[in-house]
Amino acid sequence: MKITVKFFARYRDLAGVSEIEVEVNGFTVDDVLMDLKKRFHRIPWDEALISVNHKYADKKMTLKDGDILSVFPQVSGG
């Protein structure tokens, strides 16, 4: 099974790619994040927001074939 991981804003620049495909078999969001942290060590993961299929994700959520996991920085405004 495959999911798509998309990087947004400055995280896309830090990753050097806008998206990648990841092979998952019963993986949770946290499992994938652990792998991504090793591959993309320049991203400040402790600040990253994560969504799956356009909804904020619980790290214990099990991913399914075709899911889209998005990684983006926190935003603020006023």
# chains A, B, ... in the order shown; residues from 1 in each chain; ligands from 1
call {"tool": "select_by_dssp", "arguments": {"residues": "region 8-56 of chain A", "states": "strand (DSSP E or B)", "output": "list in words"}}
result
Glu19, Ile20, Glu21, Val22, Glu23, Thr28, Leu49, Ile50, Ser51, Val52, Lys55 and Tyr56 of chain A
call {"tool": "select_by_dssp", "arguments": {"residues": "region 22-51 of chain A", "states": "helix (DSSP H, G or I)", "output": "ChimeraX atom specification"}}
result
/A:29-39,45-47
call {"tool": "write_last_selection", "arguments": {"atoms": "N, CA and C atoms", "output": "compact mmCIF listing (two decimals), in the first residue's frame"}}
result
# COMPACT_ATOMS: atom_id res chain seq x y z
N VAL A 29 0.41 7.08 11.62
CA VAL A 29 1.00 8.38 11.31
C VAL A 29 2.35 8.50 12.03
N ASP A 30 2.41 8.10 13.27
CA ASP A 30 3.66 8.20 14.04
C ASP A 30 4.77 7.35 13.42
N ASP A 31 4.45 6.15 12.93
CA ASP A 31 5.44 5.31 12.27
C ASP A 31 6.04 6.02 11.06
N VAL A 32 5.18 6.62 10.25
CA VAL A 32 5.65 7.32 9.06
C VAL A 32 6.48 8.53 9.46
N LEU A 33 6.05 9.25 10.48
CA LEU A 33 6.81 10.42 10.92
C LEU A 33 8.20 10.03 11.39
N MET A 34 8.31 8.91 12.08
CA MET A 34 9.64 8.46 12.53
C MET A 34 10.56 8.23 11.34
N ASP A 35 10.04 7.64 10.26
CA ASP A 35 10.83 7.42 9.06
C ASP A 35 11.17 8.75 8.38
N LEU A 36 10.20 9.64 8.30
CA LEU A 36 10.44 10.93 7.65
C LEU A 36 11.48 11.76 8.40
N LYS A 37 11.48 11.68 9.71
CA LYS A 37 12.46 12.42 10.52
C LYS A 37 13.87 12.00 10.17
N LYS A 38 14.07 10.72 9.88
CA LYS A 38 15.40 10.22 9.49
C LYS A 38 15.79 10.70 8.10
N ARG A 39 14.82 10.74 7.20
CA ARG A 39 15.09 11.09 5.81
C ARG A 39 15.19 12.60 5.58
N TRP A 45 10.61 19.07 13.04
CA TRP A 45 9.45 18.21 13.22
C TRP A 45 8.64 18.52 14.47
N ASP A 46 9.28 19.03 15.52
CA ASP A 46 8.54 19.34 16.74
C ASP A 46 7.57 20.51 16.54
N GLU A 47 7.73 21.27 15.45
CA GLU A 47 6.85 22.39 15.15
C GLU A 47 5.85 22.07 14.03
call {"tool": "atom_distance", "arguments": {"atom1": "CA of Asn25 (chain A)", "atom2": "CA of Ile43 (chain A)"}}
result
24.6 Å
call {"tool": "closest_residue", "arguments": {"among": "A:His54, A:Met1, A:Lys64, A:Phe72", "to": "Asp13 (chain A)", "atoms": "only C-alpha atoms"}}
result
A:Phe72
call {"tool": "residues_around", "arguments": {"residues": "Arg10 (chain A)", "least_positions_apart": "5", "cutoff": "12 Å", "atoms": "only C-alpha atoms", "output": "MDAnalysis selection string"}}
result
chainID A and resid 15:18 42:44 48 71:75
call {"tool": "closest_residue", "arguments": {"among": "A:Ser76, A:Thr4, A:Asn53, A:Thr62", "to": "Glu21 (chain A)", "atoms": "only C-alpha atoms"}}
result
A:Thr4
call {"tool": "atom_distance", "arguments": {"atom1": "CA of Val24 (chain A)", "atom2": "CA of Tyr11 (chain A)"}}
result
22.0 Å
call {"tool": "closest_residue", "arguments": {"among": "A:Val22, A:Leu14, A:Leu69, A:Met61", "to": "Leu49 (chain A)", "atoms": "only C-alpha atoms"}}
result
A:Leu69
call {"tool": "residues_around", "arguments": {"residues": "Val5 (chain A)", "least_positions_apart": "6", "cutoff": "6 Å", "atoms": "only C-alpha atoms", "output": "PyMOL selection string"}}
result
chain A and resi 19-20+68-70
call {"tool": "write_last_selection", "arguments": {"atoms": "C-alpha atoms", "output": "PDB file, in the first residue's frame"}}
result
ATOM      1  CA  GLU A  19       5.840  15.213  -2.409  1.00  0.00           C
ATOM      2  CA  ILE A  20       6.947  11.596  -2.137  1.00  0.00           C
ATOM      3  CA  ILE A  68      -2.428  11.880   1.673  1.00  0.00           C
ATOM      4  CA  LEU A  69      -0.313  12.928   4.643  1.00  0.00           C
ATOM      5  CA  SER A  70       0.536  16.641   4.585  1.00  0.00           C
TER       6      SER A  70
END
